[in-house]
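Below is one structure, written out as structure tokens, with a few remarks after it.
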Amino acid sequence: MDKQLAEEIYFEMVRGRAFEYAAKEHYMKGEISGFLHLDIGQEALSVAAMKAFGKGDVFSTYREHIMAMVRGISPNAVMAELFGKAEGVSEGKGGSMHLFDPSHYFYGGDAIVGGHIPNAVGCAYARKYQGEESGVMVVFGDGATNGGAFFESLNIASAQKLPLLFLCENNEYAIGTNITRVSPFKKQSKKAEPYMPTLEVDGMDAVAVHKVITDAKAYLEKGHGPIFIEAMTCRYEGHSMSDANAYRSAQEMAQCKARDPIEKMKHYLETVYEMDETVIAQIESQAQQEVDAAVAFASEAPEPAPEALYAHMFVEGGNHALS
Amino acid sequence: MDKQLAEEIYFEMVRGRAFEYAAKEHYMKGEISGFLHLDIGQEALSVAAMKAFGKGDVFSTYREHIMAMVRGISPNAVMAELFGKAEGVSEGKGGSMHLFDPSHYFYGGDAIVGGHIPNAVGCAYARKYQGEESGVMVVFGDGATNGGAFFESLNIASAQKLPLLFLCENNEYAIGTNITRVSPFKKQSKKAEPYMPTLEVDGMDAVAVHKVITDAKAYLEKGHGPIFIEAMTCRYEGHSMSDANAYRSAQEMAQCKARDPIEKMKHYLETVYEMDETVIAQIESQAQQEVDAAVAFASEAPEPAPEALYAHMFVEGGNHALS
Amino acid sequence: MLYREALNKALDEVMAKDENVVVLGEDVGLYGGSYRVTEGLAVKYGERRAIDTPIAELSIVGNAVGMAIGGLRPVAEIMTANFALLAFDQIINHMAKYRYMSAGKITLPMVVRFPQGVSRQLAAQHSESYEQMLAAVPGLRVLAASDVNYAYHALKHAVLSDDPYLFIEHELLYNKKGDVDVDRPLDPFKARIVKEGEAVTIVSYLKMVDDVMAALPQIEETLGCSCEVIDLCSLNPVDYDTLRKSIEKTSRLVMVEEDHKTGGYGAQIVSTIAEEMFYALDAPPLRIAGEDVPVPYNRRLELQSIPTPDSIAEAVIAWGRKHDV
Amino acid sequence: MLYREALNKALDEVMAKDENVVVLGEDVGLYGGSYRVTEGLAVKYGERRAIDTPIAELSIVGNAVGMAIGGLRPVAEIMTANFALLAFDQIINHMAKYRYMSAGKITLPMVVRFPQGVSRQLAAQHSESYEQMLAAVPGLRVLAASDVNYAYHALKHAVLSDDPYLFIEHELLYNKKGDVDVDRPLDPFKARIVKEGEAVTIVSYLKMVDDVMAALPQIEETLGCSCEVIDLCSLNPVDYDTLRKSIEKTSRLVMVEEDHKTGGYGAQIVSTIAEEMFYALDAPPLRIAGEDVPVPYNRRLELQSIPTPDSIAEAVIAWGRKHDV
Ligand SMILES: Cc1ncc(C[n+]2csc(CCOP(=O)(O)OP(=O)(O)O)c2C)c(N)n1
Ligand SMILES: Cc1ncc(C[n+]2csc(CCOP(=O)(O)OP(=O)(O)O)c2C)c(N)n1
Ligand SMILES: [Mg+2]
Ligand SMILES: [Mg+2]
């Protein structure tokens, strides 16, 4: 990976984590509410996968703040959404779980586990139909791989040879339930094996993630059909702010944090590009500044007007022809 | 297979086919209505699988007349149900697609493709919980293997190591759509491979079916978890009486009928047990007599009383304790 | 033209006009659709535009949502209403909500079509109606075609609109005959006055409109009055203007629907009129609907479980006599 | 005792009594349930009886149906109502119909529990209510617990009954306090008169009962009248006897529910009363319900989208003034 890209990825990871900690802080202050799912620990995945996937369409879950920002949605618009403000990316109507921006090929932000996977399949159909080569990536957790929507999607994507990248973020837990207690496998790629090639990657290693997604994207562009990537990862916090994380031992948490993705990327920059402390400190302070600015922006942004309640129900004059 | 069993199986196959032709005839006369799905061509499967599975619980689909009879529900009660009569096994409320009789461990008769598979999983859980060794068999078509209910069930049955036999009757069609057009595979056992052992059998060969189900049942009883059997078969008629079967060529139909399961079983009896024409004719006439009697019974049976409309909604006095 | 031919013609025309329009569903392609609504489309437009799907209703609707996000105009067919239950998550959590949750950033030009209702002895798992549930979901337009001309125009409208539509058909209407006036597009949200009258407003939709019309001679003759019969056409939004005008004239409301009475769709119409036009009513409103039981297979019981021309006439006449119509 | 503790106690007691009772759902076992309703059950009765399931709602209910067929008494938990949409096929096509379709040969002693409603900024995919849909399905008993004592007794009843029950909870009620009178079982199908009164009958259920009670002082003071407040408790069947008696006394009906107004559950109550007690009503019935929009995330918009004590008081007072209450 070239130096500039490595620096960008590092920046996004650091900014992402700072963003999440800021969200946590303002949730505890009561300025953010609802379900807030932090991506801390999983930054390598969220950042490097988005970077590598380029312009293709991305469908994701409720744990999507960092992905949304890497796709190009400004931290201001994301933080303002968490604050429920009119200048949030979904104008305060969606909140943390529902960030959408088609102009950045980013479609959420879905809070029904697995529910967005069939949507990604349909979009991949559209892209193939249109002869677009960019393809579609759908990101989901290990828990989503037990649901019917996921399985139907493997089958259809394979039967139709759709340009769809399945990216499973396997953090081994669905809220408090370890995946091995409700699935016969620890690695969920087992489930995709009959249908498509599967690859595994260390989800804590941004360089590795970037490489595997780049390769997968090239595979999609060849028109061979879908591909499945499983990234083993680990979340540092509870499932959402309402989860005390009591089901994981201190030892398990320590093992998990020993694989820290930001430390790993920093080490990469230091060893491969001999990046020095000052540059790294600069990146970190720039990231923190942007997050602070986002919080300031969100705090000051206006509440939606009462009329907003009824806006965006239907397209007005949306018929391109009646005859 | 011993002689008596072979004769029984042959008898049930012949009776089954005669029953289905009688149902067809009376459908055309308007005495039977609704959706009528005939099992002609698939008798080896329906008969030998039920015979081999012994007392275990069976969950099936709308194409279940023959299975119901092999399980011990009388042809009279099945035919009367098709006629919608009060003496039908479901008292005229269910019709062809909904034959149930827990006293014969037979639970339908479900008309939602794949919908009964999770029910079978739950029943298998109950049997394991109760320490019952008999296990559960669920029968479904190739078309059902593309739906979420099927996949969720593979995963749960495997994770929980449930005594459940998945029997896929692969007749290559879901109504008018060939399975290879909507699934990446011709053989659907591919889908079960990550989860459990899979076996394939010629579904037109009753002896082979009986053997594989007997072996599978023994496997279940060892407590190893679920097993998947795929039986390649072929239906002779349209999907239901409203399907003209126009999507299969004369050639395809001829190939299909060349594998006739009843001829094959007859040949087995003739060659292995030197059964002669007279015995076979006797079996055939006995079968036809029972079917004729069933039709006579069904024709004469009374219609349900008008009050039946409101019966069987809830269990009356069904609380075994209120304190 | 037959009702199913009118639907087919509508699809054919929009597909010819806009290559973003695709149809998808079980057996809609080579087989031509269980009720022949999509007949010929695969041959004419290819299998990429008349897409045979596996039996996976959740995906049929879920994929349609994704196709719409990707810029197509999908028209999904669910073979029978009962199977749509498998897609309720996609219909309600996704199709109906993405636009609102994204503050209008996502637009879903899509239609989900399905036939419903009691046909002929298809039993409980193939005979239900779900407008009660689906017309209550904010974010969806819900149309119900009882008339051949309406079916043609309304389906075209739905496909060409940028909003998500549910388009409800009835299994017993596919062979209904009627004329289509191709040159006069109509407003799909406007209720249809099937027959004018003075004394009673009878509101209905889908197949029950025909049953009401069949019962009408007996009702009018026996009660010696004239009834106005209204076909709602659009179940969400409802054309309350037309209802209001009619009830102002007649002062009496009868609501007829095929679905189970408890919680049925008609409750909304009756309660809205009771709330908003209480003083205009000269008699209690009457609701005629199906029995609160799953639909039985036996033909007599089946007919007992839903309104028929006879039972409609009987109920309206008894009510009319009691309340001096 | 807290509402969630009362539910937990009910489950604990029936599990102790009958080893056929099992609970199943996402995180109901080791984790103790997202709202702590199943806390401690896995430790006490083992993981075979407090079963952690994968995220597969269709299977959760579908498996429960099969367990009941197999002789168990499953109590399935769906984490939030919105996810129950994934199980609608199993609830409506299977759980509600097997008994009827089999002419009583199959019996399904089972319960599906879920919390629903607008909590605090959970947004459109986590804030809905489905009693409108589910209480309209023939073959299901549908209970809605707003009261701690009722919650305890009704849940026990549902688990011990041989019929299939839906048991609806509200996310904001779990920490509600109340007394449980263990020794006095109650009839779960009987509505609860929360407060007696003379001038207006206010009908509600689930959390709205509390909001009505909060609005009551202002209403009664401003209108100078007393209101009778009824908690329906059972949404199917409905205790129309209790409603009838109350309305005979008050001659006025107000129906309050949290769900979207169009097609909402209250429409059925209002339409039934309009049909059957038209002449007993001295004023048009009033329905107070949520707005017809998906539930937005922003707190102000969220509160704007549902009835609150203030908006209830305002609406009842305006209506009362207009109609001389
Ligand atoms: C259909 C559905 N069921 C249940 C939930 C509640 N829920 C939200 S997130 C979650 C766990 C998901 O785990 P996983 O897919 O592994 O993703 P992770 O949170 O670990 O990233 C559950 C059960 C939901 N949102 N949708
Ligand atoms: C959920 C659902 N979708 C669609 C249907 C309509 N339908 C009935 S049978 C059938 C084909 C099933 O094919 P398969 O599973 O292969 O069984 P076969 O009829 O070949 O035995 C379809 C699509 C249904 N009954 N249920
Ligand atoms: Mg996870
Ligand atoms: Mg088949």
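Just so we're on the same page: first chain in the structure tokens is A, next is B, and so on; residues restart at 1 for each chain, and ligands are numbered from 1 in the order they show up.
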* **Neighbours of chain C in chain D at 8 Å, counting only C-alpha atoms, as a ChimeraX atom specification** => /D:82-83,85-89,93,97,100-101,124-125,132-133,135-139,260,262-265,267-268,270-272,274-279,283-287,292-294,296
* **Contacts of ligand 3, 6 Å or closer, only C-alpha atoms and all ligand atoms, given as number ranges by chain** => A: 141-143, 170-174
* Asked: For chain C, which residue among B:Ser33, B:Ser60, B:Gln288, B:Thr278 is the nearest when counting only C-alpha atoms?
  -> B:Ser33
* chain A residues near chain D (6 Å cut-off, only C-alpha atoms) as a ChimeraX atom specification -> /A:34,84,92-95,147,176,182,309
Export of the given selection (all heavy atoms) as a tab-separated table (two decimals), in the first residue's frame:
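Result went into selection_11.tsv, see below:
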chain	number	residue	atom	x	y	z
A	34	GLY	N	-31.47	6.94	21.84
A	34	GLY	CA	-31.77	5.78	21.00
A	34	GLY	C	-30.71	4.71	21.16
A	34	GLY	O	-30.01	4.65	22.16
A	84	GLY	N	-29.74	14.26	16.24
A	84	GLY	CA	-31.13	14.40	15.79
A	84	GLY	C	-31.43	15.77	15.20
A	84	GLY	O	-32.57	16.23	15.23
A	92	GLY	N	-32.20	14.37	10.91
A	92	GLY	CA	-32.67	14.07	12.26
A	92	GLY	C	-33.75	13.01	12.30
A	92	GLY	O	-34.25	12.65	13.36
A	93	LYS	N	-34.12	12.49	11.14
A	93	LYS	CA	-35.20	11.50	11.13
A	93	LYS	C	-34.71	10.08	11.33
A	93	LYS	O	-35.48	9.21	11.73
A	93	LYS	CB	-35.94	11.59	9.81
A	93	LYS	CG	-36.86	12.79	9.78
A	93	LYS	CD	-37.59	12.86	8.49
A	93	LYS	CE	-38.95	13.46	8.72
A	93	LYS	NZ	-39.54	13.91	7.47
A	94	GLY	N	-33.44	9.86	10.99
A	94	GLY	CA	-32.93	8.48	11.04
A	94	GLY	C	-32.16	8.17	12.31
A	94	GLY	O	-32.33	7.12	12.91
A	95	GLY	N	-31.29	9.09	12.70
A	95	GLY	CA	-30.44	8.82	13.86
A	95	GLY	C	-29.28	7.91	13.51
A	95	GLY	O	-29.07	7.56	12.34
A	147	GLY	N	-29.83	-15.84	9.57
A	147	GLY	CA	-31.19	-15.48	9.18
A	147	GLY	C	-31.50	-15.80	7.73
A	147	GLY	O	-30.60	-15.82	6.88
A	176	GLY	N	-25.32	-10.35	23.30
A	176	GLY	CA	-24.61	-11.13	24.32
A	176	GLY	C	-24.39	-12.60	23.96
A	176	GLY	O	-23.91	-13.36	24.80
A	182	VAL	N	-25.07	-20.56	18.62
A	182	VAL	CA	-26.28	-20.58	17.80
A	182	VAL	C	-25.99	-20.90	16.33
A	182	VAL	O	-26.90	-20.89	15.50
A	182	VAL	CB	-27.05	-19.25	17.90
A	182	VAL	CG1	-27.69	-19.11	19.29
A	182	VAL	CG2	-26.13	-18.06	17.63
A	309	LEU	N	-42.09	16.68	10.38
A	309	LEU	CA	-42.75	15.41	10.69
A	309	LEU	C	-43.44	14.83	9.46
A	309	LEU	O	-43.47	13.61	9.27
A	309	LEU	CB	-43.77	15.60	11.81
A	309	LEU	CG	-44.44	14.32	12.32
A	309	LEU	CD1	-43.42	13.41	13.01
A	309	LEU	CD2	-45.58	14.65	13.28
* Nearby residues (only C-alpha atoms) at most 7 Å from region 265-269 of chain A, same-chain spacing under 4 positions excluded, as a list in words -> Tyr10, Ala206, Pro261, Tyr273, Glu274 and Met275 of chain A
* Just the strand (DSSP E) stuff from region 89-194 of chain B, please, per backbone DSSP, written as an NGL selection string. => :B and (100-101 or 106-110 or 136-141 or 164-170 or 173-174 or 177-178)
* Asked: Taking only C-alpha atoms into account, which residues of chain A are within 10 Å of chain B, as number ranges by chain?
  -> A: 145-161, 180-185, 189-196
Find the residues around region 65-67 of chain D up to 6 Å (only C-alpha atoms counted), leave out those fewer than 6 positions away in its own chain, and share them as a short mmCIF file (atom, residue, chain, number, x, y, z; two decimals) with all heavy atoms, in the first residue's frame.
data_model
loop_
_atom_site.label_atom_id
_atom_site.label_comp_id
_atom_site.auth_asym_id
_atom_site.auth_seq_id
_atom_site.Cartn_x
_atom_site.Cartn_y
_atom_site.Cartn_z
N ASN B 119 -41.29 -25.86 11.77
CA ASN B 119 -42.15 -26.61 12.70
C ASN B 119 -41.52 -27.96 13.00
O ASN B 119 -41.50 -28.41 14.15
CB ASN B 119 -43.56 -26.81 12.12
CG ASN B 119 -44.27 -25.52 11.73
OD1 ASN B 119 -45.16 -25.52 10.91
ND2 ASN B 119 -43.87 -24.40 12.33
N ALA B 120 -40.99 -28.60 11.97
CA ALA B 120 -40.33 -29.89 12.16
C ALA B 120 -39.10 -29.74 13.06
O ALA B 120 -38.83 -30.59 13.92
CB ALA B 120 -39.94 -30.49 10.81
N GLY B 122 -38.72 -27.55 15.45
CA GLY B 122 -39.22 -27.41 16.82
C GLY B 122 -39.65 -28.74 17.40
O GLY B 122 -39.38 -29.05 18.57
N CYS B 123 -40.31 -29.54 16.58
CA CYS B 123 -40.76 -30.85 17.05
C CYS B 123 -39.54 -31.73 17.37
O CYS B 123 -39.53 -32.46 18.37
CB CYS B 123 -41.66 -31.50 16.00
SG CYS B 123 -42.47 -33.00 16.58
N ALA B 126 -38.33 -30.86 20.65
CA ALA B 126 -39.16 -31.48 21.70
C ALA B 126 -38.77 -32.94 21.89
O ALA B 126 -38.63 -33.41 23.03
CB ALA B 126 -40.64 -31.35 21.34
#
* To do: Using only C-alpha atoms, determine which residues lie at most 7 Å from Ser204 (chain D), disregarding the query and same-chain residues fewer than 3 positions distant; provide the list as a PyMOL selection string.
  => chain D and resi 208-209+230-232+255-257
Write the residues of the preceding selection, restricted to C-alpha atoms, as a JSON list (two decimals), in the first residue's frame.
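Below you can see selection.json, which holds the result:
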[["chain", "number", "residue", "atom", "x", "y", "z"],
["D", 208, "MET", "CA", -51.50, 4.91, 26.71],
["D", 209, "VAL", "CA", -53.51, 3.94, 29.79],
["D", 230, "ILE", "CA", -60.96, 1.49, 30.71],
["D", 231, "ASP", "CA", -57.91, -0.61, 29.97],
["D", 232, "LEU", "CA", -58.92, -3.20, 27.37],
["D", 255, "MET", "CA", -60.45, 5.84, 22.09],
["D", 256, "VAL", "CA", -56.74, 6.44, 22.71],
["D", 257, "GLU", "CA", -53.93, 4.46, 21.11]]
* **Residue set, region 36-114 of chain A restricted to alpha helix (DSSP H), as a ChimeraX atom specification** => /A:43-53,65-70,75-82
I need the chosen residues saved as a compact mmCIF listing (two decimals), in the first residue's frame, with N, CA, C and O atoms.
# COMPACT_ATOMS: atom_id res chain seq x y z
N GLU A 43 -12.24 -0.62 13.48
CA GLU A 43 -11.97 0.47 12.54
C GLU A 43 -11.22 0.02 11.29
O GLU A 43 -11.42 0.59 10.20
N ALA A 44 -10.35 -0.96 11.42
CA ALA A 44 -9.56 -1.38 10.26
C ALA A 44 -10.49 -1.80 9.13
O ALA A 44 -10.33 -1.42 7.97
N LEU A 45 -11.47 -2.57 9.54
CA LEU A 45 -12.46 -3.07 8.60
C LEU A 45 -13.26 -1.95 7.97
O LEU A 45 -13.35 -1.84 6.73
N SER A 46 -13.86 -1.14 8.81
CA SER A 46 -14.75 -0.11 8.29
C SER A 46 -14.00 0.83 7.36
O SER A 46 -14.52 1.23 6.32
N VAL A 47 -12.79 1.16 7.73
CA VAL A 47 -12.05 2.13 6.93
C VAL A 47 -11.46 1.49 5.67
O VAL A 47 -11.71 1.94 4.55
N ALA A 48 -10.71 0.43 5.85
CA ALA A 48 -9.97 -0.10 4.70
C ALA A 48 -10.91 -0.71 3.66
O ALA A 48 -10.66 -0.61 2.45
N ALA A 49 -11.99 -1.33 4.12
CA ALA A 49 -12.92 -1.92 3.15
C ALA A 49 -13.56 -0.84 2.29
O ALA A 49 -13.65 -0.97 1.07
N MET A 50 -13.97 0.24 2.92
CA MET A 50 -14.61 1.32 2.15
C MET A 50 -13.61 1.95 1.19
O MET A 50 -13.92 2.23 0.04
N LYS A 51 -12.42 2.19 1.69
CA LYS A 51 -11.37 2.78 0.84
C LYS A 51 -11.13 1.91 -0.39
O LYS A 51 -11.05 2.40 -1.52
N ALA A 52 -11.02 0.62 -0.16
CA ALA A 52 -10.67 -0.28 -1.26
C ALA A 52 -11.82 -0.44 -2.25
O ALA A 52 -11.60 -0.70 -3.43
N PHE A 53 -13.04 -0.29 -1.75
CA PHE A 53 -14.17 -0.61 -2.63
C PHE A 53 -14.47 0.50 -3.64
O PHE A 53 -15.30 0.33 -4.53
N HIS A 65 -21.26 4.45 11.46
CA HIS A 65 -20.79 5.85 11.44
C HIS A 65 -19.49 6.00 10.67
O HIS A 65 -19.35 6.90 9.83
N ILE A 66 -18.54 5.14 10.98
CA ILE A 66 -17.21 5.32 10.37
C ILE A 66 -17.28 5.07 8.87
O ILE A 66 -16.74 5.83 8.07
N MET A 67 -17.98 4.01 8.49
CA MET A 67 -18.13 3.73 7.06
C MET A 67 -18.72 4.92 6.32
O MET A 67 -18.29 5.28 5.23
N ALA A 68 -19.75 5.50 6.93
CA ALA A 68 -20.41 6.63 6.28
C ALA A 68 -19.42 7.76 6.05
O ALA A 68 -19.39 8.38 4.97
N MET A 69 -18.56 8.00 7.03
CA MET A 69 -17.59 9.10 6.90
C MET A 69 -16.53 8.76 5.85
O MET A 69 -16.14 9.62 5.06
N VAL A 70 -16.08 7.52 5.83
CA VAL A 70 -15.07 7.15 4.83
C VAL A 70 -15.65 7.28 3.42
O VAL A 70 -14.97 7.68 2.48
N PRO A 75 -18.21 14.37 8.80
CA PRO A 75 -18.42 14.11 10.24
C PRO A 75 -19.47 15.05 10.82
O PRO A 75 -20.24 14.64 11.69
N ASN A 76 -19.53 16.25 10.33
CA ASN A 76 -20.56 17.17 10.82
C ASN A 76 -21.96 16.59 10.59
O ASN A 76 -22.80 16.59 11.48
N ALA A 77 -22.19 16.12 9.37
CA ALA A 77 -23.53 15.61 9.03
C ALA A 77 -23.84 14.33 9.79
O ALA A 77 -25.00 14.06 10.12
N VAL A 78 -22.82 13.53 10.06
CA VAL A 78 -23.06 12.30 10.82
C VAL A 78 -23.33 12.63 12.28
O VAL A 78 -24.31 12.17 12.88
N MET A 79 -22.48 13.48 12.86
CA MET A 79 -22.69 13.82 14.27
C MET A 79 -24.02 14.54 14.47
O MET A 79 -24.75 14.28 15.42
N ALA A 80 -24.34 15.43 13.54
CA ALA A 80 -25.62 16.15 13.66
C ALA A 80 -26.78 15.17 13.59
O ALA A 80 -27.81 15.35 14.26
N GLU A 81 -26.62 14.11 12.82
CA GLU A 81 -27.69 13.10 12.76
C GLU A 81 -27.82 12.40 14.10
O GLU A 81 -28.93 12.14 14.58
N LEU A 82 -26.69 12.08 14.71
CA LEU A 82 -26.75 11.44 16.03
C LEU A 82 -27.43 12.36 17.05
O LEU A 82 -28.13 11.89 17.94
* Structure fact -> One decimal place gives the CA of Val209 (chain B)-CA of Val138 (chain B) separation as 14.9 Å
